[in-house]
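Source file: work.tsv. Holds: TSV, C-alpha atoms.
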chain	number	residue	atom	x	y	z
R	655	MET	CA	9.89	-31.03	-42.78
R	656	SER	CA	10.71	-34.35	-44.43
R	657	TYR	CA	12.33	-34.97	-47.79
R	658	ALA	CA	9.03	-36.17	-49.26
R	659	ASP	CA	7.14	-33.12	-48.01
R	660	TRP	CA	9.64	-30.73	-49.60
R	661	GLY	CA	9.78	-32.63	-52.87
R	662	GLY	CA	13.29	-31.49	-53.71
R	663	SER	CA	16.84	-32.60	-53.29
R	664	GLY	CA	18.56	-33.56	-50.08
R	665	GLU	CA	20.56	-30.32	-50.21
R	666	GLU	CA	17.37	-28.27	-50.02
R	667	VAL	CA	16.16	-30.24	-47.00
R	668	THR	CA	19.45	-29.59	-45.24
R	669	ARG	CA	19.15	-25.89	-45.91
R	670	TYR	CA	15.55	-25.31	-44.77
R	671	GLU	CA	14.83	-27.83	-42.04
R	672	PRO	CA	16.90	-26.12	-39.25
R	673	GLU	CA	15.26	-22.78	-40.11
R	674	GLU	CA	11.76	-24.26	-39.60
R	675	LYS	CA	12.81	-25.79	-36.30
R	676	VAL	CA	14.09	-22.44	-35.03
R	677	VAL	CA	10.81	-20.73	-35.95
R	678	VAL	CA	8.76	-23.38	-34.12
R	679	ASP	CA	10.93	-23.05	-31.02
R	680	ASN	CA	10.60	-19.25	-31.07
R	681	VAL	CA	6.84	-19.47	-31.38
R	682	LYS	CA	6.72	-21.81	-28.37
R	683	VAL	CA	8.86	-19.47	-26.29
R	684	LEU	CA	6.70	-16.49	-27.23
R	685	GLN	CA	3.55	-18.42	-26.32
R	686	ILE	CA	4.98	-19.27	-22.91
R	687	VAL	CA	6.03	-15.66	-22.31
R	688	GLN	CA	2.56	-14.48	-23.34
R	689	GLU	CA	0.90	-16.89	-20.91
R	690	LEU	CA	3.23	-15.82	-18.09
R	691	VAL	CA	2.70	-12.11	-18.70
R	692	GLY	CA	-1.06	-12.64	-18.78
R	693	SER	CA	-1.20	-14.37	-15.40
R	694	LEU	CA	-0.93	-12.85	-11.93
R	695	ALA	CA	1.55	-15.53	-10.86
R	696	GLY	CA	3.77	-14.82	-13.86
R	697	LYS	CA	3.73	-11.07	-13.23
R	698	ASP	CA	4.54	-11.58	-9.55
R	699	LYS	CA	7.44	-13.96	-10.22
R	700	ALA	CA	8.90	-11.76	-12.96
R	701	ALA	CA	8.65	-8.66	-10.73
R	702	LYS	CA	10.27	-10.55	-7.86
R	703	VAL	CA	13.21	-11.70	-9.98
R	704	LEU	CA	13.71	-8.20	-11.41
R	705	LYS	CA	13.49	-6.51	-8.00
R	706	TYR	CA	16.02	-8.73	-6.25
R	707	THR	CA	18.32	-8.77	-9.28
R	708	LEU	CA	18.48	-5.00	-8.98
R	709	ASP	CA	19.03	-5.29	-5.22
R	710	VAL	CA	21.93	-7.73	-5.65
R	711	ILE	CA	23.55	-5.59	-8.36
R	712	ASN	CA	23.04	-2.53	-6.17
R	713	VAL	CA	24.97	-4.18	-3.34
R	714	PHE	CA	28.01	-4.76	-5.58
R	715	VAL	CA	27.81	-1.24	-7.03
R	716	ARG	CA	27.64	0.27	-3.54
R	717	LYS	CA	30.61	-1.77	-2.37
R	718	SER	CA	32.63	-0.72	-5.43
R	719	ARG	CA	31.88	2.94	-4.77
R	720	GLN	CA	32.75	2.58	-1.10
R	721	ASN	CA	36.04	0.88	-2.00
R	722	ILE	CA	36.98	3.77	-4.30
R	723	THR	CA	36.27	6.38	-1.63
R	724	ARG	CA	38.18	4.27	0.89
R	725	TRP	CA	41.24	4.04	-1.37
R	726	ASP	CA	41.07	7.74	-2.19
R	727	PRO	CA	39.16	9.67	0.50
R	728	HIS	CA	39.82	12.97	-1.33
R	729	VAL	CA	37.70	11.92	-4.27
R	730	LEU	CA	34.63	13.24	-2.47
R	731	THR	CA	36.37	16.56	-1.83
R	732	TYR	CA	36.69	17.47	-5.51
R	733	TYR	CA	33.69	15.41	-6.63
R	734	LYS	CA	31.33	18.35	-7.23
R	735	LYS	CA	34.06	20.61	-8.59
R	736	VAL	CA	35.10	18.09	-11.21
R	737	LEU	CA	31.52	17.52	-12.34
R	738	ARG	CA	30.91	21.26	-12.51
R	739	GLU	CA	34.13	22.23	-14.35
R	740	LEU	CA	34.65	19.08	-16.42
R	741	SER	CA	36.54	19.72	-19.66
R	742	VAL	CA	38.71	17.88	-22.19
R	743	TRP	CA	41.86	19.48	-20.80
R	744	MET	CA	40.99	18.29	-17.28
R	745	VAL	CA	40.47	14.72	-18.57
R	746	VAL	CA	43.89	14.83	-20.29
R	747	ARG	CA	45.69	16.14	-17.20
R	748	HIS	CA	43.98	13.97	-14.57
R	749	PRO	CA	42.56	10.87	-16.30
R	750	LEU	CA	42.68	8.62	-13.23
R	751	THR	CA	40.98	11.19	-11.03
R	752	ILE	CA	38.29	11.83	-13.63
R	753	LEU	CA	37.73	8.08	-13.95
R	754	LYS	CA	37.26	7.75	-10.18
R	755	VAL	CA	34.87	10.67	-10.08
R	756	TRP	CA	32.95	9.29	-13.07
R	757	VAL	CA	32.63	5.84	-11.46
R	758	VAL	CA	31.43	7.37	-8.18
R	759	ALA	CA	28.93	9.57	-10.02
R	760	MET	CA	27.58	6.69	-12.11
R	761	SER	CA	27.42	4.45	-9.03
R	762	ARG	CA	25.44	7.02	-7.07
R	763	SER	CA	23.07	7.53	-9.98
R	764	PHE	CA	22.54	3.80	-10.43
R	765	GLU	CA	22.04	3.20	-6.71
R	766	SER	CA	19.39	5.91	-6.54
R	767	LYS	CA	17.51	4.75	-9.64
R	768	ALA	CA	17.78	1.04	-8.79
R	769	ALA	CA	16.52	1.65	-5.26
R	770	TYR	CA	13.55	3.61	-6.62
R	771	VAL	CA	12.65	0.93	-9.19
R	772	SER	CA	13.06	-1.80	-6.55
R	773	GLN	CA	10.72	0.05	-4.20
R	774	GLN	CA	8.12	0.44	-6.95
R	775	LEU	CA	8.36	-3.25	-7.86
R	776	SER	CA	7.86	-4.16	-4.20
R	777	THR	CA	4.72	-2.00	-4.07
R	778	TYR	CA	3.55	-3.55	-7.36
R	779	ARG	CA	3.83	-7.03	-5.87
R	780	TYR	CA	1.87	-5.91	-2.83
R	781	VAL	CA	-0.85	-4.60	-5.16
R	782	LEU	CA	-0.98	-7.94	-7.02
R	783	ARG	CA	-1.59	-9.74	-3.72
R	784	PHE	CA	-4.11	-7.21	-2.41
R	785	GLY	CA	-7.82	-7.97	-1.99
R	786	SER	CA	-8.09	-11.54	-0.73
R	787	SER	CA	-8.45	-10.84	3.00
R	788	PRO	CA	-12.26	-10.25	2.94
R	789	PHE	CA	-12.80	-13.62	1.29
R	790	GLN	CA	-10.52	-15.38	3.78
R	791	VAL	CA	-12.36	-13.72	6.67
R	792	LEU	CA	-15.67	-14.80	5.08
R	793	ASP	CA	-14.46	-18.42	4.80
R	794	LEU	CA	-13.41	-18.36	8.44
R	795	TRP	CA	-16.75	-16.90	9.45
R	796	ARG	CA	-18.56	-19.68	7.58
R	797	LYS	CA	-16.53	-22.18	9.56
R	798	VAL	CA	-17.52	-20.46	12.78
R	799	MET	CA	-21.19	-20.66	11.76
R	800	GLN	CA	-20.70	-24.30	10.79
R	801	THR	CA	-19.36	-24.95	14.28
R	802	TYR	CA	-22.36	-23.17	15.82
R	803	THR	CA	-24.85	-25.06	13.59
R	804	ALA	CA	-23.27	-28.44	14.34
R	805	GLY	CA	-23.48	-27.72	18.06
R	806	ILE	CA	-20.69	-26.30	20.14
R	807	SER	CA	-19.07	-29.35	21.68
R	808	VAL	CA	-15.57	-30.63	22.29
R	809	SER	CA	-15.82	-33.20	19.49
R	810	THR	CA	-17.10	-30.61	16.97
R	811	ILE	CA	-14.39	-28.11	17.86
R	812	GLN	CA	-11.69	-30.78	17.63
R	813	LYS	CA	-13.00	-31.95	14.26
R	814	LEU	CA	-13.32	-28.52	12.65
R	815	TRP	CA	-10.56	-26.51	14.30
R	816	PHE	CA	-7.90	-28.78	15.79
R	817	ASN	CA	-6.25	-29.73	12.50
R	818	GLU	CA	-3.51	-28.43	10.24
R	819	GLY	CA	-5.91	-27.10	7.61
R	820	SER	CA	-7.72	-24.79	10.03
R	821	LEU	CA	-4.44	-23.65	11.56
R	822	ARG	CA	-3.04	-22.77	8.15
R	823	ASP	CA	-6.24	-20.93	7.22
R	824	VAL	CA	-5.91	-18.75	10.32
R	825	ILE	CA	-2.20	-18.14	9.68
R	826	ASN	CA	-2.79	-17.27	6.01
R	827	MET	CA	-5.63	-14.90	6.92
R	828	TYR	CA	-3.47	-13.19	9.55
R	829	ASN	CA	-0.56	-12.90	7.12
R	830	THR	CA	-2.82	-11.51	4.39
R	831	ILE	CA	-4.33	-8.88	6.69
R	832	CYS	CA	-0.86	-7.75	7.79
R	833	ASP	CA	0.31	-7.72	4.17
R	834	GLU	CA	-2.58	-5.56	3.01
R	835	LEU	CA	-2.23	-3.14	5.92
R	836	VAL	CA	1.45	-2.75	5.03
R	837	LEU	CA	0.43	-1.85	1.47
R	838	LEU	CA	-2.04	0.74	2.74
R	839	HIS	CA	0.80	2.27	4.74
R	840	LYS	CA	3.00	2.37	1.63
R	841	LEU	CA	0.17	4.16	-0.19
R	842	LYS	CA	-0.05	6.73	2.64
R	843	VAL	CA	-3.60	5.69	3.58
R	844	TRP	CA	-2.50	5.60	7.21
R	845	ASP	CA	0.70	6.56	8.98
R	846	HIS	CA	1.85	5.25	12.35
R	847	GLY	CA	5.51	4.24	12.59
R	848	PRO	CA	5.46	1.91	15.63
R	849	PHE	CA	2.36	0.06	14.44
R	850	TYR	CA	3.86	-0.30	10.95
R	851	GLN	CA	7.03	-1.84	12.40
R	852	TRP	CA	4.93	-4.21	14.51
R	853	LEU	CA	2.90	-5.20	11.43
R	854	GLU	CA	6.02	-5.96	9.42
R	855	ARG	CA	7.29	-8.24	12.16
R	856	GLN	CA	3.92	-10.01	12.47
R	857	GLU	CA	3.89	-10.50	8.71
R	858	ALA	CA	7.37	-12.06	8.83
R	859	ILE	CA	6.44	-14.38	11.72
R	860	SER	CA	3.21	-15.59	10.12
R	861	TRP	CA	4.99	-16.12	6.79
R	862	GLU	CA	7.69	-18.12	8.58
R	863	ALA	CA	5.03	-20.47	9.97
R	864	ASP	CA	3.39	-20.83	6.56
R	865	ILE	CA	6.76	-21.64	4.93
R	866	LEU	CA	7.46	-24.37	7.51
R	867	PHE	CA	4.04	-25.97	6.91
R	868	SER	CA	4.56	-25.79	3.14
R	869	LEU	CA	8.00	-27.40	3.41
R	870	LYS	CA	6.61	-30.24	5.47
R	871	ASN	CA	3.78	-30.87	2.99
R	872	LYS	CA	6.13	-30.72	0.01
R	873	PHE	CA	8.48	-33.30	1.55
R	874	LEU	CA	5.49	-35.59	2.15
R	875	GLU	CA	4.28	-35.03	-1.41
R	876	LEU	CA	7.75	-35.83	-2.73
R	877	GLU	CA	7.79	-39.13	-0.86
R	878	GLN	CA	4.34	-40.05	-2.18
R	879	VAL	CA	5.25	-39.33	-5.80
R	880	LYS	CA	8.53	-41.21	-5.47
R	881	GLN	CA	6.63	-44.19	-4.03
R	882	LYS	CA	4.21	-44.15	-6.97
R	883	GLN	CA	7.13	-43.92	-9.37
R	884	TYR	CA	8.87	-46.84	-7.67
R	885	GLU	CA	5.72	-48.99	-7.78
R	886	LEU	CA	5.17	-48.20	-11.46
R	887	SER	CA	8.79	-49.06	-12.23
R	888	ILE	CA	8.29	-52.43	-10.54
R	889	ASP	CA	5.09	-52.95	-12.56
R	890	LEU	CA	6.99	-52.15	-15.75
R	891	ARG	CA	9.76	-54.63	-14.95
R	892	ALA	CA	7.20	-57.28	-13.99
R	893	ARG	CA	5.33	-56.67	-17.23
R	894	LYS	CA	8.49	-57.06	-19.29
R	895	GLN	CA	9.34	-60.27	-17.49
R	896	ALA	CA	5.79	-61.57	-18.04
R	897	LEU	CA	5.93	-60.73	-21.73
R	898	ASP	CA	9.28	-62.47	-22.04
R	899	LEU	CA	7.78	-65.50	-20.31
R	900	SER	CA	4.79	-65.39	-22.66
R	901	ARG	CA	7.08	-65.35	-25.71
R	902	SER	CA	9.08	-68.27	-24.37
R	903	LEU	CA	5.89	-70.27	-23.77
R	904	HIS	CA	4.63	-69.50	-27.28
R	905	SER	CA	7.93	-70.54	-28.82
R	906	SER	CA	8.11	-73.75	-26.80
R	907	ASN	CA	8.04	-76.78	-29.06
R	908	GLY	CA	6.97	-79.19	-26.38
R	909	SER	CA	3.55	-79.53	-24.82
R	910	LEU	CA	2.69	-77.09	-22.02
R	911	SER	CA	1.90	-78.25	-18.57
R	912	PRO	CA	-1.50	-77.33	-17.08
R	913	ILE	CA	0.16	-74.67	-14.89
R	914	GLN	CA	1.94	-73.12	-17.87
R	915	THR	CA	-1.29	-73.21	-19.91
R	916	GLN	CA	-3.21	-71.44	-17.13
R	917	LEU	CA	-0.43	-68.87	-16.73
R	918	LEU	CA	-0.45	-68.11	-20.45
R	919	HIS	CA	-4.25	-67.76	-20.38
R	920	ASP	CA	-4.08	-65.34	-17.41
R	921	LEU	CA	-1.48	-63.22	-19.13
R	922	LYS	CA	-3.70	-62.88	-22.19
R	923	ALA	CA	-6.86	-62.16	-20.19
R	924	ASP	CA	-5.42	-59.67	-17.68
R	925	SER	CA	-5.98	-56.13	-18.98
R	926	GLN	CA	-3.08	-54.86	-16.88
R	927	TRP	CA	-0.64	-56.59	-19.21
R	928	ASN	CA	-2.41	-55.25	-22.29
R	929	GLU	CA	-1.24	-51.72	-21.56
R	930	THR	CA	1.43	-50.60	-23.94
R	931	GLU	CA	4.94	-50.03	-22.71
R	932	GLU	CA	4.79	-46.48	-24.09
R	933	HIS	CA	1.81	-45.67	-21.87
R	934	ILE	CA	3.65	-46.77	-18.74
R	935	LYS	CA	6.72	-44.83	-19.80
R	936	ARG	CA	4.59	-41.72	-20.25
R	937	GLN	CA	3.31	-42.15	-16.71
R	938	LEU	CA	6.88	-42.44	-15.47
R	939	GLN	CA	7.77	-39.26	-17.36
R	940	GLN	CA	4.82	-37.54	-15.70
R	941	TYR	CA	6.10	-38.59	-12.28
R	942	ASN	CA	9.57	-37.32	-13.19
R	943	HIS	CA	8.03	-33.99	-14.17
R	944	GLU	CA	6.12	-33.80	-10.89
R	945	ILE	CA	9.28	-34.58	-8.93
R	946	SER	CA	11.22	-31.85	-10.73
R	947	LEU	CA	8.46	-29.34	-9.91
R	948	ILE	CA	8.46	-30.39	-6.26
R	949	HIS	CA	12.24	-29.96	-6.13
R	950	LEU	CA	11.79	-26.42	-7.48
R	951	ASP	CA	9.13	-25.78	-4.83
R	952	LEU	CA	11.47	-27.03	-2.12
R	953	SER	CA	14.27	-24.83	-3.44
R	954	ARG	CA	11.94	-21.82	-3.46
R	955	LEU	CA	10.66	-22.48	0.06
R	956	MET	CA	14.14	-23.05	1.48
R	957	CYS	CA	15.34	-19.78	-0.01
R	958	ASP	CA	12.26	-18.02	1.39
R	959	LEU	CA	12.92	-19.59	4.78
R	960	ALA	CA	16.56	-18.51	4.80
R	961	ALA	CA	15.68	-14.95	3.78
R	962	ASN	CA	12.73	-14.54	6.13
R	963	THR	CA	14.57	-16.05	9.11
R	964	THR	CA	17.03	-13.14	8.99
R	965	ASP	CA	14.08	-10.80	9.56
R	966	VAL	CA	12.30	-12.90	12.18
R	967	PHE	CA	15.36	-13.21	14.39
R	968	ASN	CA	16.91	-9.84	13.46
R	969	MET	CA	20.10	-11.59	12.40
R	970	ASN	CA	23.22	-9.57	11.67
R	971	VAL	CA	24.06	-10.86	8.18
R	972	PRO	CA	26.17	-9.38	5.36
R	973	ALA	CA	24.50	-6.82	3.12
R	974	GLY	CA	22.58	-8.43	0.28
R	975	THR	CA	21.91	-11.73	2.07
R	976	TYR	CA	18.15	-11.25	1.99
R	977	ALA	CA	18.28	-10.19	-1.67
R	978	VAL	CA	20.39	-13.20	-2.72
R	979	PHE	CA	18.08	-15.75	-1.08
R	980	SER	CA	14.99	-13.94	-2.36
R	981	LEU	CA	16.44	-13.95	-5.88
R	982	GLY	CA	17.00	-17.70	-5.59
R	983	SER	CA	13.38	-18.11	-4.49
R	984	GLY	CA	12.13	-15.98	-7.37
R	985	LEU	CA	14.16	-17.86	-9.96
R	986	SER	CA	12.97	-21.24	-8.63
R	987	GLY	CA	9.35	-20.10	-8.75
R	988	LEU	CA	9.73	-18.63	-12.23
R	989	ILE	CA	11.37	-21.80	-13.59
R	990	LYS	CA	8.59	-23.93	-12.12
R	991	LEU	CA	5.94	-21.66	-13.62
R	992	TRP	CA	7.72	-21.77	-16.98
R	993	LYS	CA	7.81	-25.59	-16.99
R	994	SER	CA	4.17	-25.87	-15.94
R	995	THR	CA	3.04	-23.38	-18.57
R	996	ARG	CA	5.03	-25.13	-21.29
R	997	LEU	CA	3.47	-28.48	-20.38
R	998	ASP	CA	-0.05	-26.98	-20.35
R	999	LEU	CA	0.49	-25.49	-23.81
R	1000	GLN	CA	1.76	-28.83	-25.09
R	1001	HIS	CA	-1.36	-30.56	-23.78
R	1002	LYS	CA	-3.60	-27.96	-25.41
R	1003	ALA	CA	-1.83	-28.44	-28.73
R	1004	GLU	CA	-2.29	-32.22	-28.70
How does the structure come out when it is put into structure tokens?
Amino acid sequence: MSYADWGGSGEEVTRYEPEEKVVVDNVKVLQIVQELVGSLAGKDKAAKVLKYTLDVINVFVRKSRQNITRWDPHVLTYYKKVLRELSVWMVVRHPLTILKVWVVAMSRSFESKAAYVSQQLSTYRYVLRFGSSPFQVLDLWRKVMQTYTAGISVSTIQKLWFNEGSLRDVINMYNTICDELVLLHKLKVWDHGPFYQWLERQEAISWEADILFSLKNKFLELEQVKQKQYELSIDLRARKQALDLSRSLHSSNGSLSPIQTQLLHDLKADSQWNETEEHIKRQLQQYNHEISLIHLDLSRLMCDLAANTTDVFNMNVPAGTYAVFSLGSGLSGLIKLWKSTRLDLQHKAE
């Protein structure tokens, strides 16, 4: 709000302008949160961050409880008795013991509740992803029929199937089928322990392949965007130099040579130089935004790769390793989604 809009003194502007700015910022944040909560991607990312935050906290709580019982092994001996006969007099006489017992009790309660909530959030994320396998199978079947219609030949098979797109479609379909069968097992639709363990491993392997393909494509995309940004920066510098040359030719007191006259005419006629500097800068800002999103994607994929590799190769890693990397992946994905949603809302408002 400007001084003229308010119509009062400068003191009044100083008092009310920051308040209006805060309200506008809060409205924007609420709009972004509303968009995220209303989308499947936003729900999935928020659930992922919450789940693995609980898992990471749970690791530290469990270690703290184990350290207490290691320092004082007898705490478990009188654990139930203290909780059953707890009184003010007992707290006064044995404050340190009561504190240990209270910490152990609270830790056990938190671990149990956090593990339950984490399990429910995991199932919730499975439910959000459920239902796409029939459509992926249908798309693959259409490709099979397309191959049959075009004539089954070596050239046709190489064209339709021997490429990265087809390979990724098969991997994604396989991963989705495994993922949905795992959910059906969690919902007690079927129950077979060995097959469930095999499915989980197949899901991890197929996801590992998909992550590697995604990483490769994101690195290629990053190079392409950086190349476009570099070329546009060169164009901007060349334009500035051309405009400086045009000003110097206009301000020249002497007669222009035929070459200088032709150059000045070309600069005026070429529409490329008629673009405003602000427009080019906006394009550069767009490229910077795309690069920041790609960096977030790379961070997310690398965290996913690190976490999933521990499962694929059955690595003996410290407790909480999977949760820490998965939390990093979830935060990177949520930040990217937040930035994209904010930009979309800004475009809608313009």
One decimal, in Å: what's the spacing between CA of His949 in chain R and CA of Gly696 in chain R?
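Result for CA of His949 in chain R versus CA of Gly696 in chain R: 19.0 Å, one decimal.
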Calculate how many Å separate CA of Thr751 in chain R from CA of Ala769 in chain R, rounding to one decimal.
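So the answer is 26.9 Å.
Shortest atom-to-atom contact with Thr723 in chain R among R:Lys754, R:Pro749, R:Arg855, R:Asn826: R:Lys754, counting only C-alpha atoms.
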So that I can see what lies close to range 966-983 of chain R, please list as number ranges by chain the residues with an atom at most 9 Å from it, counting all atoms listed in the file and leaving out residues fewer than 6 positions away in the same chain.
R: 702-710, 712-714, 855-856, 858-859, 862, 950-951, 953-960
Using CA of Arg996 in chain R and CA of Leu684 in chain R as the two end points, give the distance in Å to one decimal.
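Separating CA of Arg996 in chain R from CA of Leu684 in chain R is a distance of 10.6 Å.
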